[in-house]
Amino acid sequence: MEFFLDTAIIEEVKEIADWGILDGVTTNPSLIKKSGRDFKQVVSEIAALCSGPISAEVTALDAAGMVEEGLQLKAELPENVIIKIPCTPEGLKATKVLSGQGIGVNVTLIFSASQALMSAKAGAMYVSPFIGRIDDTGADGMDLIAEIMNTWDNYPDIETKVLAASIRHPMHMLQCMQMGVHTATMPTKIFKMLIKHPLTDKGIDGFMADWAEVEKAGNA
């Protein structure tokens with residue numbers, strides 16, 4: 001599974017990249033706004049810290065505008081930047097054009113298996129179903145992930161990766177792992193929750209206490 005970080009905060013990218021397991025980064029207009037910095041500068045800095053795919057989202061709503069914006073971003077930003085496009089009819093048109101030119105596209109705001117499959121057919125490198133936002137409606141976002149993964153099983157020639165997004169807690173990640181999801185993007189706090197375990201901390205404390213006794217005995 002690929003582990004992506006969902007952020008536009010450079011310090012967070014540096015921290016998780018230092019772990020040695022960061023495969024990519026996703027950004028969006030809301031995250032860029034939260035960072036309070038210039039969009040292209042932020043994405044360029046992120047791309048320098050992580051060699052994997054870095055999603056930069058277009059803001060145009062029509063296919064021609066998306067393609068123009070996507071081409072401009074690819075021309076001005078580092079090579080590992082891919083273009084993030086919303087799942088709409090115009091978005092599918094733009095995905096087909098950009099992917100046809102060898103440009104990686106992450107189709108975002110996926111809320112049904114049919115949207116995911118159509119996006120894959122248009123040539124998307126990734127499709128991003130949003131788990132947490134479905135949970136917010138009272139439904140179970142993991143049902144969507146299961147539907148998409150089952151659909152992918154029916155079409156083994158699909159090369160598009162399923163990128164689980166809007167991950168709110170570690171259980172979302174555990175279920176994604178068990179379903180064989182290709183990629184997941186999550187905020188820094190989820191990375192830290194996944195690596196943390198009280199028994200690990202307890203074990204380290206025990207080892208260190210025992211080692212202190214060994215050193216004490218050796219110095220006696």
# chains A, B, ... in the order shown; residues from 1 in each chain; ligands from 1
call {"tool": "residues_around", "arguments": {"residues": "Gly36 of chain A", "least_positions_apart": "4", "cutoff": "12 Å", "atoms": "only C-alpha atoms", "output": "list of chain:residue names"}}
result
A:Ala8, A:Ile9, A:Ile10, A:Pro29, A:Ser30, A:Leu31, A:Ile32, A:Gln41, A:Val42
call {"tool": "closest_atom_pairs", "arguments": {"of": "segment 107-212 of chain A", "to": "segment 48-53 of chain A", "cutoff": "12 Å", "atoms": "only C-alpha atoms", "output": "JSON lines"}}
result
{"residue": "A:Met125", "atom": "CA", "partner": "A:Pro53", "partner_atom": "CA", "distance": 10.1}
{"residue": "A:Tyr126", "atom": "CA", "partner": "A:Pro53", "partner_atom": "CA", "distance": 10.2}
{"residue": "A:Leu163", "atom": "CA", "partner": "A:Pro53", "partner_atom": "CA", "distance": 11.9}
{"residue": "A:Thr183", "atom": "CA", "partner": "A:Pro53", "partner_atom": "CA", "distance": 11.3}
{"residue": "A:Thr185", "atom": "CA", "partner": "A:Pro53", "partner_atom": "CA", "distance": 11.6}
call {"tool": "write_last_selection", "arguments": {"atoms": "N, CA and C atoms", "output": "PDB file, in the first residue's frame"}}
result
ATOM      1  N   MET A 125      -4.845   8.120 -13.298  1.00  0.00           N
ATOM      2  CA  MET A 125      -3.798   7.374 -12.592  1.00  0.00           C
ATOM      3  C   MET A 125      -4.317   6.923 -11.225  1.00  0.00           C
ATOM      4  N   TYR A 126      -5.086   7.811 -10.567  1.00  0.00           N
ATOM      5  CA  TYR A 126      -5.706   7.519  -9.278  1.00  0.00           C
ATOM      6  C   TYR A 126      -7.160   7.960  -9.295  1.00  0.00           C
ATOM      7  N   LEU A 163      -7.332   5.390  -4.442  1.00  0.00           N
ATOM      8  CA  LEU A 163      -6.676   6.214  -3.429  1.00  0.00           C
ATOM      9  C   LEU A 163      -7.725   6.634  -2.393  1.00  0.00           C
ATOM     10  N   THR A 183      -3.765   2.719  -2.311  1.00  0.00           N
ATOM     11  CA  THR A 183      -3.161   3.943  -1.774  1.00  0.00           C
ATOM     12  C   THR A 183      -4.132   4.571  -0.788  1.00  0.00           C
ATOM     13  N   THR A 185      -4.528   8.387   1.526  1.00  0.00           N
ATOM     14  CA  THR A 185      -3.967   9.675   1.927  1.00  0.00           C
ATOM     15  C   THR A 185      -4.603  10.112   3.227  1.00  0.00           C
TER      16      THR A 185
END
call {"tool": "select_by_dssp", "arguments": {"residues": "segment 33-150 of chain A", "states": "strand (DSSP E or B)", "output": "list in words"}}
result
Ile54, Ser55, Ala56, Glu57, Val81, Ile82, Ile83, Lys84, Ile85, Pro86, Val105, Asn106, Val107, Thr108, Leu109, Ile110, Tyr126, Val127, Ser128, Pro129 and Phe130 of chain A
call {"tool": "write_last_selection", "arguments": {"atoms": "all heavy atoms", "output": "compact mmCIF listing (two decimals), in the first residue's frame"}}
result
# COMPACT_ATOMS: atom_id res chain seq x y z
N ILE A 54 2.75 14.08 -6.36
CA ILE A 54 2.25 15.21 -5.58
C ILE A 54 1.04 15.77 -6.32
O ILE A 54 1.17 16.28 -7.44
CB ILE A 54 3.31 16.32 -5.41
CG1 ILE A 54 4.66 15.73 -4.95
CG2 ILE A 54 2.80 17.39 -4.47
CD1 ILE A 54 4.61 15.01 -3.64
N SER A 55 -0.14 15.68 -5.73
CA SER A 55 -1.37 16.12 -6.40
C SER A 55 -1.56 17.62 -6.26
O SER A 55 -1.63 18.14 -5.15
CB SER A 55 -2.59 15.39 -5.83
OG SER A 55 -2.58 14.02 -6.17
N ALA A 56 -1.69 18.29 -7.41
CA ALA A 56 -1.99 19.72 -7.46
C ALA A 56 -3.34 19.89 -8.16
O ALA A 56 -3.49 19.47 -9.31
CB ALA A 56 -0.90 20.47 -8.20
N GLU A 57 -4.29 20.50 -7.48
CA GLU A 57 -5.66 20.53 -7.99
C GLU A 57 -5.94 21.76 -8.85
O GLU A 57 -5.53 22.88 -8.51
CB GLU A 57 -6.66 20.50 -6.83
CG GLU A 57 -8.10 20.32 -7.26
CD GLU A 57 -9.01 19.87 -6.13
OE1 GLU A 57 -8.49 19.50 -5.06
OE2 GLU A 57 -10.23 19.89 -6.32
N VAL A 81 4.83 16.11 -10.01
CA VAL A 81 3.49 16.67 -9.74
C VAL A 81 2.49 16.07 -10.72
O VAL A 81 2.76 15.98 -11.92
CB VAL A 81 3.49 18.20 -9.86
CG1 VAL A 81 2.07 18.75 -9.82
CG2 VAL A 81 4.33 18.82 -8.75
N ILE A 82 1.35 15.61 -10.20
CA ILE A 82 0.26 15.15 -11.03
C ILE A 82 -0.93 16.08 -10.84
O ILE A 82 -0.98 16.85 -9.88
CB ILE A 82 -0.12 13.68 -10.74
CG1 ILE A 82 -0.69 13.52 -9.32
CG2 ILE A 82 1.07 12.76 -10.94
CD1 ILE A 82 -1.22 12.12 -9.03
N ILE A 83 -1.89 16.01 -11.74
CA ILE A 83 -3.00 16.96 -11.75
C ILE A 83 -4.24 16.35 -11.11
O ILE A 83 -4.65 15.24 -11.45
CB ILE A 83 -3.31 17.41 -13.19
CG1 ILE A 83 -2.04 17.91 -13.87
CG2 ILE A 83 -4.39 18.49 -13.18
CD1 ILE A 83 -1.31 19.02 -13.15
N LYS A 84 -4.82 17.10 -10.20
CA LYS A 84 -6.01 16.64 -9.48
C LYS A 84 -7.24 17.32 -10.09
O LYS A 84 -7.30 18.55 -10.20
CB LYS A 84 -5.88 17.00 -8.00
CG LYS A 84 -6.81 16.26 -7.06
CD LYS A 84 -6.43 16.60 -5.62
CE LYS A 84 -7.28 15.83 -4.62
NZ LYS A 84 -6.91 16.22 -3.24
N ILE A 85 -8.22 16.51 -10.48
CA ILE A 85 -9.39 16.99 -11.22
C ILE A 85 -10.66 16.42 -10.59
O ILE A 85 -10.70 15.24 -10.24
CB ILE A 85 -9.29 16.56 -12.69
CG1 ILE A 85 -8.19 17.36 -13.40
CG2 ILE A 85 -10.61 16.72 -13.42
CD1 ILE A 85 -7.96 16.97 -14.84
N PRO A 86 -11.71 17.23 -10.43
CA PRO A 86 -12.96 16.72 -9.85
C PRO A 86 -13.70 15.78 -10.79
O PRO A 86 -13.59 15.90 -12.02
CB PRO A 86 -13.77 18.00 -9.59
CG PRO A 86 -13.27 18.97 -10.61
CD PRO A 86 -11.80 18.67 -10.76
N VAL A 105 -3.16 11.88 -13.66
CA VAL A 105 -4.34 12.58 -13.16
C VAL A 105 -4.91 11.82 -11.96
O VAL A 105 -5.08 10.60 -12.01
CB VAL A 105 -5.43 12.71 -14.25
CG1 VAL A 105 -6.67 13.38 -13.68
CG2 VAL A 105 -4.90 13.50 -15.45
N ASN A 106 -5.21 12.58 -10.92
CA ASN A 106 -5.90 12.06 -9.75
C ASN A 106 -7.32 12.62 -9.78
O ASN A 106 -7.52 13.81 -9.58
CB ASN A 106 -5.17 12.49 -8.48
CG ASN A 106 -5.91 12.12 -7.20
OD1 ASN A 106 -6.90 11.41 -7.22
ND2 ASN A 106 -5.42 12.61 -6.07
N VAL A 107 -8.30 11.76 -10.07
CA VAL A 107 -9.69 12.22 -10.11
C VAL A 107 -10.26 12.16 -8.70
O VAL A 107 -10.32 11.10 -8.08
CB VAL A 107 -10.54 11.39 -11.08
CG1 VAL A 107 -11.99 11.89 -11.08
CG2 VAL A 107 -9.97 11.49 -12.50
N THR A 108 -10.69 13.30 -8.21
CA THR A 108 -11.09 13.45 -6.82
C THR A 108 -12.60 13.62 -6.66
O THR A 108 -13.33 13.75 -7.65
CB THR A 108 -10.35 14.63 -6.18
OG1 THR A 108 -10.58 14.64 -4.77
CG2 THR A 108 -10.79 15.95 -6.79
N LEU A 109 -13.06 13.61 -5.42
CA LEU A 109 -14.48 13.74 -5.08
C LEU A 109 -15.30 12.61 -5.70
O LEU A 109 -16.35 12.83 -6.30
CB LEU A 109 -15.01 15.11 -5.51
CG LEU A 109 -14.41 16.31 -4.76
CD1 LEU A 109 -14.86 17.62 -5.39
CD2 LEU A 109 -14.80 16.27 -3.29
N ILE A 110 -14.80 11.39 -5.50
CA ILE A 110 -15.50 10.18 -5.95
C ILE A 110 -16.43 9.71 -4.83
O ILE A 110 -16.01 9.52 -3.70
CB ILE A 110 -14.50 9.06 -6.28
CG1 ILE A 110 -13.55 9.48 -7.40
CG2 ILE A 110 -15.21 7.76 -6.58
CD1 ILE A 110 -14.11 9.40 -8.78
N TYR A 126 -5.09 7.81 -10.57
CA TYR A 126 -5.71 7.52 -9.28
C TYR A 126 -7.16 7.96 -9.30
O TYR A 126 -7.51 8.93 -9.98
CB TYR A 126 -5.01 8.29 -8.14
CG TYR A 126 -3.59 7.86 -7.84
CD1 TYR A 126 -2.51 8.53 -8.42
CD2 TYR A 126 -3.33 6.81 -6.97
CE1 TYR A 126 -1.21 8.15 -8.15
CE2 TYR A 126 -2.02 6.43 -6.68
CZ TYR A 126 -0.97 7.10 -7.27
OH TYR A 126 0.33 6.72 -6.99
N VAL A 127 -7.99 7.26 -8.52
CA VAL A 127 -9.34 7.73 -8.21
C VAL A 127 -9.44 7.85 -6.70
O VAL A 127 -8.98 6.98 -5.97
CB VAL A 127 -10.44 6.80 -8.76
CG1 VAL A 127 -10.49 6.86 -10.28
CG2 VAL A 127 -10.26 5.36 -8.29
N SER A 128 -10.02 8.96 -6.24
CA SER A 128 -10.03 9.26 -4.80
C SER A 128 -11.44 9.26 -4.23
O SER A 128 -12.13 10.29 -4.25
CB SER A 128 -9.37 10.63 -4.55
OG SER A 128 -8.00 10.59 -4.86
N PRO A 129 -11.90 8.12 -3.70
CA PRO A 129 -13.18 8.09 -2.99
C PRO A 129 -13.02 8.67 -1.60
O PRO A 129 -12.01 8.44 -0.93
CB PRO A 129 -13.52 6.60 -2.94
CG PRO A 129 -12.19 5.91 -3.03
CD PRO A 129 -11.30 6.79 -3.84
N PHE A 130 -14.03 9.43 -1.15
CA PHE A 130 -13.97 10.14 0.13
C PHE A 130 -14.76 9.39 1.19
O PHE A 130 -16.00 9.42 1.20
CB PHE A 130 -14.52 11.57 -0.04
CG PHE A 130 -13.52 12.54 -0.62
CD1 PHE A 130 -12.73 12.21 -1.69
CD2 PHE A 130 -13.38 13.80 -0.07
CE1 PHE A 130 -11.80 13.09 -2.23
CE2 PHE A 130 -12.47 14.71 -0.59
CZ PHE A 130 -11.68 14.35 -1.67
call {"tool": "closest_residue", "arguments": {"among": "A:Asn219, A:Thr88, A:Thr26, A:Gln101", "to": "Gly70 of chain A", "atoms": "only C-alpha atoms"}}
result
A:Gln101
call {"tool": "atom_distance", "arguments": {"atom1": "atom CA of Ala47 of chain A", "atom2": "atom CA of Ile158 of chain A"}}
result
27.0 Å
call {"tool": "closest_residue", "arguments": {"among": "A:Ala64, A:Ile46, A:Ala209, A:Ile167", "to": "Leu77 of chain A", "atoms": "only C-alpha atoms"}}
result
A:Ile46
call {"tool": "atom_distance", "arguments": {"atom1": "atom CA of Trp152 of chain A", "atom2": "atom CA of Ala184 of chain A"}}
result
16.3 Å
call {"tool": "residues_around", "arguments": {"residues": "segment 11-17 of chain A", "least_positions_apart": "4", "cutoff": "10 Å", "atoms": "only C-alpha atoms", "output": "MDAnalysis selection string"}}
result
chainID A and resid 4:7 21:25 45:47 49:51 187:189 191:192
call {"tool": "select_by_dssp", "arguments": {"residues": "segment 114-191 of chain A", "states": "helix (DSSP H, G or I)", "output": "NGL selection string"}}
result
:A and (114-121 or 131-135 or 141-154 or 170-179 or 188-191)
call {"tool": "closest_residue", "arguments": {"among": "A:Ala94, A:Ala212, A:Ala124, A:Met186", "to": "Thr27 of chain A", "atoms": "only C-alpha atoms"}}
result
A:Met186
call {"tool": "closest_residue", "arguments": {"among": "A:Gly104, A:Gly138, A:Pro156, A:Gly65", "to": "Gly91 of chain A", "atoms": "only C-alpha atoms"}}
result
A:Gly65
